[in-house]
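K.L.:
Provided below: upload.cif, containing mmCIF, C-alpha atoms.
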data_upload
#
loop_
_atom_site.label_atom_id
_atom_site.label_comp_id
_atom_site.auth_asym_id
_atom_site.auth_seq_id
_atom_site.Cartn_x
_atom_site.Cartn_y
_atom_site.Cartn_z
CA MET A 1 -42.45 -11.43 27.22
CA TYR A 2 -42.94 -7.91 25.91
CA LYS A 3 -39.43 -6.95 27.05
CA ARG A 4 -37.97 -9.97 25.27
CA PHE A 5 -39.86 -9.10 22.09
CA ILE A 6 -38.54 -5.52 22.15
CA ALA A 7 -35.01 -6.78 22.83
CA ALA A 8 -35.17 -9.30 20.01
CA PHE A 9 -36.60 -6.73 17.59
CA ALA A 10 -33.97 -4.14 18.52
CA ALA A 11 -31.20 -6.74 18.18
CA PHE A 12 -32.55 -7.68 14.75
CA VAL A 13 -32.56 -4.08 13.62
CA LEU A 14 -29.04 -3.53 14.90
CA SER A 15 -27.36 -6.73 13.81
CA ALA A 16 -25.81 -7.81 10.58
CA VAL A 17 -25.81 -11.32 9.16
CA LEU A 18 -23.21 -13.67 10.64
CA VAL A 19 -20.46 -14.41 8.19
CA HIS A 20 -16.80 -15.18 8.64
CA ALA A 21 -14.01 -13.83 6.59
CA HIS A 22 -10.65 -15.22 5.71
CA GLY A 23 -7.74 -12.95 6.52
CA THR A 24 -4.39 -12.73 4.87
CA ALA A 25 -2.42 -14.64 7.52
CA THR A 26 0.20 -16.95 6.16
CA HIS A 27 3.15 -19.05 7.18
CA ILE A 28 6.55 -18.04 5.89
CA THR A 29 8.99 -20.90 6.11
CA GLY A 30 12.65 -20.37 5.43
CA THR A 31 16.10 -19.40 6.61
CA ILE A 32 17.19 -15.96 7.79
CA THR A 33 19.63 -14.35 5.35
CA ALA A 34 19.82 -10.88 6.90
CA ILE A 35 18.78 -9.02 10.04
CA GLU A 36 18.42 -5.25 9.84
CA GLY A 37 16.90 -3.67 12.96
CA ASP A 38 13.25 -4.62 13.03
CA HIS A 39 13.34 -6.35 9.63
CA ILE A 40 14.58 -9.77 8.73
CA GLN A 41 15.09 -11.21 5.30
CA ILE A 42 14.15 -14.82 4.74
CA LYS A 43 15.02 -17.14 1.92
CA ASP A 44 11.86 -19.20 1.69
CA GLN A 45 11.71 -22.87 0.75
CA ALA A 46 11.30 -21.95 -2.92
CA GLY A 47 14.51 -19.86 -2.69
CA LYS A 48 12.70 -16.52 -2.92
CA PRO A 49 13.65 -13.61 -0.64
CA VAL A 50 10.89 -12.38 1.69
CA MET A 51 11.20 -9.32 3.95
CA VAL A 52 9.36 -9.53 7.28
CA MET A 53 8.82 -6.82 9.88
CA LEU A 54 9.21 -7.68 13.57
CA GLY A 55 7.04 -5.72 15.96
CA LYS A 56 6.68 -5.12 19.69
CA THR A 57 3.88 -7.67 19.84
CA THR A 58 5.73 -10.35 17.85
CA LYS A 59 6.03 -13.54 19.88
CA TYR A 60 9.04 -15.83 19.68
CA LEU A 61 9.02 -19.57 20.33
CA LYS A 62 11.84 -22.07 20.43
CA SER A 63 11.21 -25.74 21.13
CA GLU A 64 7.61 -24.78 22.03
CA LYS A 65 8.79 -22.44 24.79
CA ALA A 66 8.79 -18.65 24.88
CA SER A 67 11.97 -17.20 23.41
CA THR A 68 13.35 -13.81 22.37
CA LYS A 69 14.36 -11.90 19.27
CA ALA A 70 17.99 -12.31 20.35
CA GLU A 71 17.80 -15.95 19.26
CA LEU A 72 17.40 -14.87 15.63
CA LYS A 73 20.63 -15.17 13.70
CA VAL A 74 21.60 -15.35 10.05
CA GLY A 75 21.24 -18.98 9.04
CA THR A 76 18.47 -19.75 11.55
CA ARG A 77 15.49 -21.67 10.28
CA VAL A 78 12.21 -19.98 11.09
CA VAL A 79 8.51 -20.44 10.51
CA ILE A 80 6.69 -17.13 10.77
CA ASP A 81 2.97 -16.51 11.17
CA ALA A 82 2.54 -13.19 9.44
CA GLN A 83 -0.09 -10.78 8.20
CA MET A 84 0.39 -8.71 5.08
CA ASP A 85 0.67 -5.05 6.09
CA LYS A 86 -0.93 -3.37 3.11
CA LYS A 87 0.43 0.09 3.96
CA MET A 88 4.01 -1.12 4.16
CA ASN A 89 3.46 -3.77 1.49
CA MET A 90 5.38 -6.16 3.69
CA TYR A 91 4.63 -9.06 6.00
CA ALA A 92 4.36 -8.26 9.71
CA ALA A 93 5.31 -11.15 11.99
CA GLU A 94 2.87 -12.22 14.67
CA GLU A 95 4.78 -15.28 15.83
CA VAL A 96 8.23 -16.54 14.95
CA ARG A 97 9.05 -20.18 15.59
CA ILE A 98 12.79 -20.63 15.79
CA GLY A 99 14.59 -23.78 14.67
CA VAL A 100 18.15 -24.92 14.16
CA THR A 101 20.76 -22.80 12.41
CA GLU A 102 22.23 -24.07 9.17
CA ALA A 103 25.70 -24.09 10.81
CA ALA A 104 24.46 -26.32 13.63
CA LYS A 105 22.71 -28.55 11.12
CA ALA A 106 25.95 -29.02 9.14
CA LYS A 107 27.82 -30.31 12.24
CA MET B 1 -61.09 9.64 15.63
CA LYS B 2 -58.28 9.58 18.20
CA ARG B 3 -57.67 5.88 17.51
CA ILE B 4 -57.36 6.53 13.76
CA HIS B 5 -54.90 9.32 14.49
CA VAL B 6 -52.77 7.03 16.72
CA ALA B 7 -52.89 4.26 14.11
CA LEU B 8 -51.82 6.68 11.37
CA VAL B 9 -48.93 8.04 13.42
CA THR B 10 -47.85 4.47 14.26
CA LEU B 11 -47.96 3.53 10.59
CA VAL B 12 -45.93 6.58 9.57
CA VAL B 13 -43.33 5.84 12.28
CA LEU B 14 -43.13 2.17 11.22
CA ALA B 15 -42.85 3.14 7.55
CA GLY B 16 -40.10 5.59 8.49
CA LEU B 17 -38.24 2.89 10.43
CA ILE B 18 -38.52 0.43 7.55
CA LEU B 19 -37.39 3.02 5.00
CA GLY B 20 -34.53 4.02 7.29
CA LEU B 21 -33.49 0.39 7.69
CA MET B 22 -33.66 -0.16 3.92
CA ALA B 23 -31.57 2.96 3.30
CA TYR B 24 -29.04 1.77 5.92
CA VAL B 25 -28.81 -1.69 4.37
CA ARG B 26 -28.50 -0.26 0.84
CA SER B 27 -25.71 2.10 1.88
CA HIS B 28 -23.83 -0.29 4.18
CA GLY B 29 -24.66 -3.64 2.60
CA PHE B 30 -24.47 -6.81 4.69
CA SER B 31 -20.71 -6.89 5.01
CA ALA B 32 -19.46 -7.98 8.40
CA ARG B 33 -16.14 -6.21 7.80
CA ALA B 34 -17.23 -2.77 9.01
CA GLU B 35 -17.03 -2.02 12.73
CA PRO B 36 -20.44 -1.30 14.24
CA SER B 37 -20.77 2.43 14.96
CA ALA B 38 -20.31 3.59 18.57
CA ALA B 39 -24.05 4.29 18.79
CA GLU B 40 -24.91 0.82 17.43
CA ALA B 41 -22.51 -0.86 19.88
CA PHE B 42 -23.83 1.22 22.79
CA VAL B 43 -27.47 0.42 22.03
CA ALA B 44 -26.70 -3.27 21.39
CA ARG B 45 -24.92 -3.55 24.76
CA LYS B 46 -27.83 -1.86 26.51
CA VAL B 47 -30.31 -4.16 24.79
CA ARG B 48 -28.23 -7.20 25.75
CA SER B 49 -28.06 -6.07 29.36
CA PHE B 50 -31.79 -5.35 29.34
CA ALA B 51 -32.48 -8.82 27.95
CA VAL B 52 -30.68 -10.65 30.77
CA PRO B 53 -33.23 -11.34 33.52
CA ARG B 54 -32.36 -9.80 36.89
CA LYS B 55 -32.28 -13.23 38.57
CA ALA B 56 -29.72 -14.44 36.03
CA ARG B 57 -27.66 -11.24 36.35
CA GLU B 58 -27.42 -11.62 40.10
CA ALA B 59 -26.69 -15.35 40.06
CA VAL B 60 -23.63 -16.40 42.04
CA ASN B 61 -21.14 -18.90 40.64
CA PRO B 62 -21.98 -22.21 42.39
CA ILE B 63 -18.53 -23.59 41.61
CA ALA B 64 -15.63 -22.49 43.80
CA ALA B 65 -12.50 -21.40 41.98
CA SER B 66 -9.54 -23.76 42.25
CA PRO B 67 -6.49 -24.63 40.13
CA GLU B 68 -8.28 -27.81 38.96
CA VAL B 69 -11.38 -25.89 37.87
CA LEU B 70 -9.23 -23.34 36.07
CA SER B 71 -7.28 -26.08 34.30
CA THR B 72 -10.47 -27.85 33.17
CA ALA B 73 -12.01 -24.59 31.99
CA MET B 74 -8.83 -23.64 30.16
CA ALA B 75 -8.90 -26.89 28.19
CA HIS B 76 -12.61 -26.39 27.48
CA PHE B 77 -12.01 -22.82 26.31
CA ALA B 78 -9.11 -23.89 24.06
CA ASP B 79 -11.30 -26.56 22.47
CA HIS B 80 -14.63 -24.73 22.13
CA CYS B 81 -14.08 -20.99 22.38
CA ALA B 82 -10.60 -20.09 21.16
CA THR B 83 -11.47 -20.52 17.47
CA CYS B 84 -13.33 -17.19 17.69
CA HIS B 85 -12.10 -15.66 20.96
CA ALA B 86 -8.37 -16.68 20.75
CA ASN B 87 -6.58 -18.46 23.57
CA ASP B 88 -5.85 -15.16 25.32
CA GLY B 89 -9.44 -13.94 24.93
CA SER B 90 -8.40 -11.06 22.67
CA GLY B 91 -10.73 -12.12 19.83
CA ASP B 92 -7.76 -11.79 17.50
CA THR B 93 -8.53 -14.73 15.20
CA ALA B 94 -9.53 -14.91 11.53
CA ILE B 95 -13.09 -15.83 12.49
CA GLY B 96 -13.35 -13.54 15.53
CA LYS B 97 -12.26 -10.52 13.50
CA GLY B 98 -14.62 -11.43 10.67
CA LEU B 99 -17.75 -11.59 12.79
CA SER B 100 -20.25 -8.78 13.11
CA PRO B 101 -20.06 -7.67 15.82
CA LYS B 102 -16.43 -8.71 16.13
CA ALA B 103 -15.49 -11.01 18.99
CA PRO B 104 -14.73 -8.68 21.93
CA ASP B 105 -11.46 -8.48 23.77
CA MET B 106 -12.67 -10.25 26.88
CA ARG B 107 -9.68 -9.08 28.93
CA LEU B 108 -11.09 -5.56 28.90
CA ALA B 109 -13.57 -3.86 31.21
CA GLU B 110 -16.45 -4.23 28.75
CA THR B 111 -16.50 -7.97 29.57
CA GLN B 112 -14.82 -8.00 32.97
CA ASN B 113 -17.37 -5.52 34.36
CA LEU B 114 -20.22 -7.91 33.60
CA THR B 115 -21.45 -9.89 36.59
CA ASP B 116 -20.62 -13.60 36.82
CA GLY B 117 -24.30 -14.24 36.18
CA GLU B 118 -24.30 -12.17 32.99
CA ILE B 119 -21.21 -13.96 31.66
CA TYR B 120 -22.77 -17.32 32.47
CA TYR B 121 -26.06 -16.29 30.83
CA ILE B 122 -24.25 -15.26 27.62
CA ILE B 123 -22.22 -18.51 27.46
CA HIS B 124 -25.21 -20.69 28.23
CA ASN B 125 -27.80 -18.95 26.06
CA GLY B 126 -25.69 -17.30 23.36
CA ILE B 127 -26.57 -13.93 21.84
CA ARG B 128 -29.06 -13.96 19.04
CA PHE B 129 -28.04 -12.29 15.75
CA THR B 130 -24.35 -12.42 16.64
CA GLY B 131 -21.77 -15.16 16.20
CA MET B 132 -22.18 -16.25 19.85
CA PRO B 133 -23.98 -19.62 20.02
CA ALA B 134 -25.64 -21.14 23.09
CA PHE B 135 -23.41 -23.70 24.79
CA GLY B 136 -24.30 -26.42 27.22
CA GLU B 137 -27.49 -28.36 27.67
CA ASP B 138 -30.69 -26.63 28.66
CA LYS B 139 -31.39 -28.19 32.04
CA GLY B 140 -33.97 -25.67 33.18
CA ASP B 141 -32.88 -24.20 36.50
CA LEU B 142 -30.10 -26.74 37.01
CA PRO B 143 -26.69 -25.09 36.66
CA ASP B 144 -24.55 -25.86 33.63
CA LYS B 145 -21.25 -26.78 35.31
CA ASP B 146 -19.06 -26.29 32.22
CA SER B 147 -20.34 -22.76 31.64
CA TRP B 148 -19.85 -21.74 35.28
CA GLU B 149 -16.29 -23.10 35.13
CA LEU B 150 -15.71 -21.01 32.01
CA VAL B 151 -16.78 -17.92 33.97
CA HIS B 152 -13.80 -18.52 36.27
CA PHE B 153 -11.50 -18.82 33.25
CA ILE B 154 -12.85 -15.62 31.68
CA ARG B 155 -12.10 -13.82 34.96
CA HIS B 156 -8.55 -15.19 34.69
CA LEU B 157 -7.98 -13.89 31.13
CA PRO B 158 -6.58 -10.44 32.09
CA LYS B 159 -3.69 -12.19 33.87
CA ILE B 160 -3.18 -15.18 31.59
CA THR B 161 0.49 -16.09 31.10
CA GLU B 162 2.46 -16.88 27.97
CA ASP B 163 3.05 -20.42 29.25
CA GLU B 164 -0.69 -20.95 29.66
CA ILE B 165 -1.31 -19.69 26.12
CA LEU B 166 1.34 -22.07 24.79
CA ALA B 167 -0.26 -24.97 26.66
CA MET B 168 -3.65 -24.06 25.20
CA LYS B 169 -2.26 -24.05 21.68
CA LYS B 170 -1.78 -27.79 21.95
CA MET B 171 -5.44 -28.18 22.90
CA ASN B 172 -6.90 -26.15 20.02
CA PRO B 173 -8.89 -28.18 17.50
CA ARG B 174 -7.04 -28.83 14.26
CA SER B 175 -7.95 -30.24 10.89
CA PRO B 176 -5.94 -33.15 9.39
CA THR B 177 -4.27 -30.63 7.05
CA GLU B 178 -3.25 -28.42 9.96
CA LEU B 179 -1.88 -31.43 11.86
CA ALA B 180 0.13 -32.48 8.81
CA GLU B 181 1.41 -28.94 8.39
CA GLU B 182 2.42 -28.80 12.08
CA GLU B 183 4.39 -32.02 11.66
CA GLN B 184 6.07 -30.59 8.57
CA ILE B 185 7.00 -27.42 10.47
CA ARG B 186 8.48 -29.50 13.29
CA ARG B 187 10.61 -31.44 10.79
CA PHE B 188 11.74 -28.26 9.02
CA LEU B 189 12.73 -26.51 12.27
CA ALA B 190 14.66 -29.61 13.33
CA GLY B 191 16.77 -29.29 10.18
CA GLU B 192 15.07 -31.62 7.74
CA ASP B 193 14.62 -30.47 4.15
CA ILE B 194 11.06 -30.87 2.90
CA PRO B 195 10.80 -31.67 -0.83
CA PRO B 196 8.70 -29.04 -2.69
CA GLU B 197 6.10 -31.61 -3.74
CA GLU B 198 5.48 -32.46 -0.05
CA GLN B 199 5.20 -28.88 1.19
CA ILE B 200 1.82 -27.91 2.61
CA HIS B 201 0.81 -24.27 2.32
CA HIS B 202 -2.23 -23.74 4.48
CA ARG B 203 -3.71 -20.23 4.55
CA HIS B 204 -5.94 -19.00 7.36
#
Translate the structure described by the file into structure tokens.
P.N.:
Amino acid sequence: MYKRFIAAFAAFVLSAVLVHAHGTATHITGTITAIEGDHIQIKDQAGKPVMVMLGKTTKYLKSEKASTKAELKVGTRVVIDAQMDKKMNMYAAEEVRIGVTEAAKAK
Amino acid sequence: MKRIHVALVTLVVLAGLILGLMAYVRSHGFSARAEPSAAEAFVARKVRSFAVPRKAREAVNPIAASPEVLSTAMAHFADHCATCHANDGSGDTAIGKGLSPKAPDMRLAETQNLTDGEIYYIIHNGIRFTGMPAFGEDKGDLPDKDSWELVHFIRHLPKITEDEILAMKKMNPRSPTELAEEEQIRRFLAGEDIPPEEQIHHRH
């Protein structure tokens, strides 16, 4: 009992109040207009250009299966889960979902 | 005289502790954003370990590992745990990163070096003053099957595959807005144009 009391007291002293914070994760939905190394430019659904960084940990999915960066082409529709990198002032992609290309859609 | 002396020293120490705590709170606030210091984390881990009864620490998992058990536990984890801990156990979620202390990366030694009994005890009883709630019914000495199955899954986390993570994604709880957004994403990726007035922009 005494041990539990000490443990609870110490935990109280050491712990902060439980809160949860909202991050800056967002979905970027659009079509790739340019690919330059580890950056891709997207034209989002509102027609605005958005630059997104691709990293070593970025995951790629196509038809709900693991895919690769090689599948990204100009004209490909993508939905990107990204975090704003405040240092680079640019979105960093966590996951890229790959859809049809505009050329394939036109056929 | 000696008793008065002891009482006075105790009071001074207590007053010092309280003043120290007040100074700490005033300077650090109650924000959960800051990482706990190394000393704070070390002491908290020691206290947690100290608080787990020896019998519980040495408890052996009564459920044998099997593909079926792992599959059940995986679904359970995706539904109940992944919101904070992430499907891969990394803790890399909006809520997990916002907690104080932050949800640990359970693939690492800090968690994997715990005994099965300690992991079970934490799942079943939670950890007071953290974001970890107690799960499962309190059945006295009767084992909580779901929590023991989760112990097997937590042991599996360091070698979880991408395909397993993808499968878990489909089992994660979602709000009606998130479900609607998922459907919209599916339509967009398939080539459909979504009118601006229909577009859902959900932020995490």
K.L.:
Please give the centre and size of the box around stretch 38-48 of chain B (axis-aligned, containing every atom listed in the file, 5 Å added per side), with values in Å to one decimal and written as AutoDock Vina command-line options.
P.N.:
--center_x -25.3 --center_y -1.5 --center_z 22.0 --size_x 20.0 --size_y 21.5 --size_z 19.1
K.L.:
Got a sec to pull out which chain B residues are within 7 Å of chain A, counting all atoms listed in the file, and send them as a list in words?
P.N.:
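Going by the stated atoms only, the list reads Phe30, Ala32, Glu40, Ala44, Val47, Ala51, Ala94, Ile95, Gly98, Leu99, Ser100, Phe129, Thr130, Gly131, Leu189, Ala190, Gly191, Arg203 and His204 of chain B.
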K.L.:
Need to verify the contact set: stretch 53-56 of chain A, 8 Å, all atoms listed in the file, exclusion of same-chain residues closer than 5 positions in sequence. Can you return it as a list in words?
P.N.:
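The residues satisfying every condition are Asp38, His39, Ile40, Met90, Tyr91, Ala92, Ala93 and Glu94 of chain A.
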K.L.:
Kindly export the residues of the current selection with C-alpha atoms, as a PDB file, keeping the file's coordinate frame.
P.N.:
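Dumped everything to part00.pdb:
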ATOM      1  CA  ASP A  38      13.250  -4.620  13.030  1.00  0.00           C
ATOM      2  CA  HIS A  39      13.340  -6.350   9.630  1.00  0.00           C
ATOM      3  CA  ILE A  40      14.580  -9.770   8.730  1.00  0.00           C
ATOM      4  CA  MET A  90       5.380  -6.160   3.690  1.00  0.00           C
ATOM      5  CA  TYR A  91       4.630  -9.060   6.000  1.00  0.00           C
ATOM      6  CA  ALA A  92       4.360  -8.260   9.710  1.00  0.00           C
ATOM      7  CA  ALA A  93       5.310 -11.150  11.990  1.00  0.00           C
ATOM      8  CA  GLU A  94       2.870 -12.220  14.670  1.00  0.00           C
TER       9      GLU A  94
END
K.L.:
May I ask for the distance between atom CA of A:Met84 and atom CA of A:Val50, given in Å to one decimal place?
P.N.:
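Taking atom CA of A:Met84 and atom CA of A:Val50, their separation equals 11.6 Å.
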K.L.:
Tell me, as a ChimeraX atom specification, which residues lie within 6 Å of A:Thr33, counting all atoms listed in the file; anything in the same chain fewer than 2 positions away does not count.
P.N.:
/A:41-42,74
K.L.:
Return as a ChimeraX atom specification the set of residues that the PyMOL selection byres ((chain B and resi 71) around 12) yields on the displayed structure.
P.N.:
/B:65-70,72-78,146,149-150,152-153,156,160,164-165,167-168,171
K.L.:
Please save C-alpha atoms of the selected residues as a PDB file, keeping the file's coordinate frame.
P.N.:
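As written to disk, out_1.pdb reads:
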ATOM      1  CA  ALA B  65     -12.500 -21.400  41.980  1.00  0.00           C
ATOM      2  CA  SER B  66      -9.540 -23.760  42.250  1.00  0.00           C
ATOM      3  CA  PRO B  67      -6.490 -24.630  40.130  1.00  0.00           C
ATOM      4  CA  GLU B  68      -8.280 -27.810  38.960  1.00  0.00           C
ATOM      5  CA  VAL B  69     -11.380 -25.890  37.870  1.00  0.00           C
ATOM      6  CA  LEU B  70      -9.230 -23.340  36.070  1.00  0.00           C
ATOM      7  CA  THR B  72     -10.470 -27.850  33.170  1.00  0.00           C
ATOM      8  CA  ALA B  73     -12.010 -24.590  31.990  1.00  0.00           C
ATOM      9  CA  MET B  74      -8.830 -23.640  30.160  1.00  0.00           C
ATOM     10  CA  ALA B  75      -8.900 -26.890  28.190  1.00  0.00           C
ATOM     11  CA  HIS B  76     -12.610 -26.390  27.480  1.00  0.00           C
ATOM     12  CA  PHE B  77     -12.010 -22.820  26.310  1.00  0.00           C
ATOM     13  CA  ALA B  78      -9.110 -23.890  24.060  1.00  0.00           C
ATOM     14  CA  ASP B 146     -19.060 -26.290  32.220  1.00  0.00           C
ATOM     15  CA  GLU B 149     -16.290 -23.100  35.130  1.00  0.00           C
ATOM     16  CA  LEU B 150     -15.710 -21.010  32.010  1.00  0.00           C
ATOM     17  CA  HIS B 152     -13.800 -18.520  36.270  1.00  0.00           C
ATOM     18  CA  PHE B 153     -11.500 -18.820  33.250  1.00  0.00           C
ATOM     19  CA  HIS B 156      -8.550 -15.190  34.690  1.00  0.00           C
ATOM     20  CA  ILE B 160      -3.180 -15.180  31.590  1.00  0.00           C
ATOM     21  CA  GLU B 164      -0.690 -20.950  29.660  1.00  0.00           C
ATOM     22  CA  ILE B 165      -1.310 -19.690  26.120  1.00  0.00           C
ATOM     23  CA  ALA B 167      -0.260 -24.970  26.660  1.00  0.00           C
ATOM     24  CA  MET B 168      -3.650 -24.060  25.200  1.00  0.00           C
ATOM     25  CA  MET B 171      -5.440 -28.180  22.900  1.00  0.00           C
TER      26      MET B 171
END
K.L.:
Can you list, as a PyMOL selection string, the residues that the PyMOL selection byres ((chain B and resi 103) around 10) selects here?
P.N.:
chain B and resi 84-86+89-93+95-102+104-106+130-132
K.L.:
Please report the interatomic distance between atom CA of B:Glu181 and atom CA of A:Lys48 in Å with one decimal.
P.N.:
20.2 Å
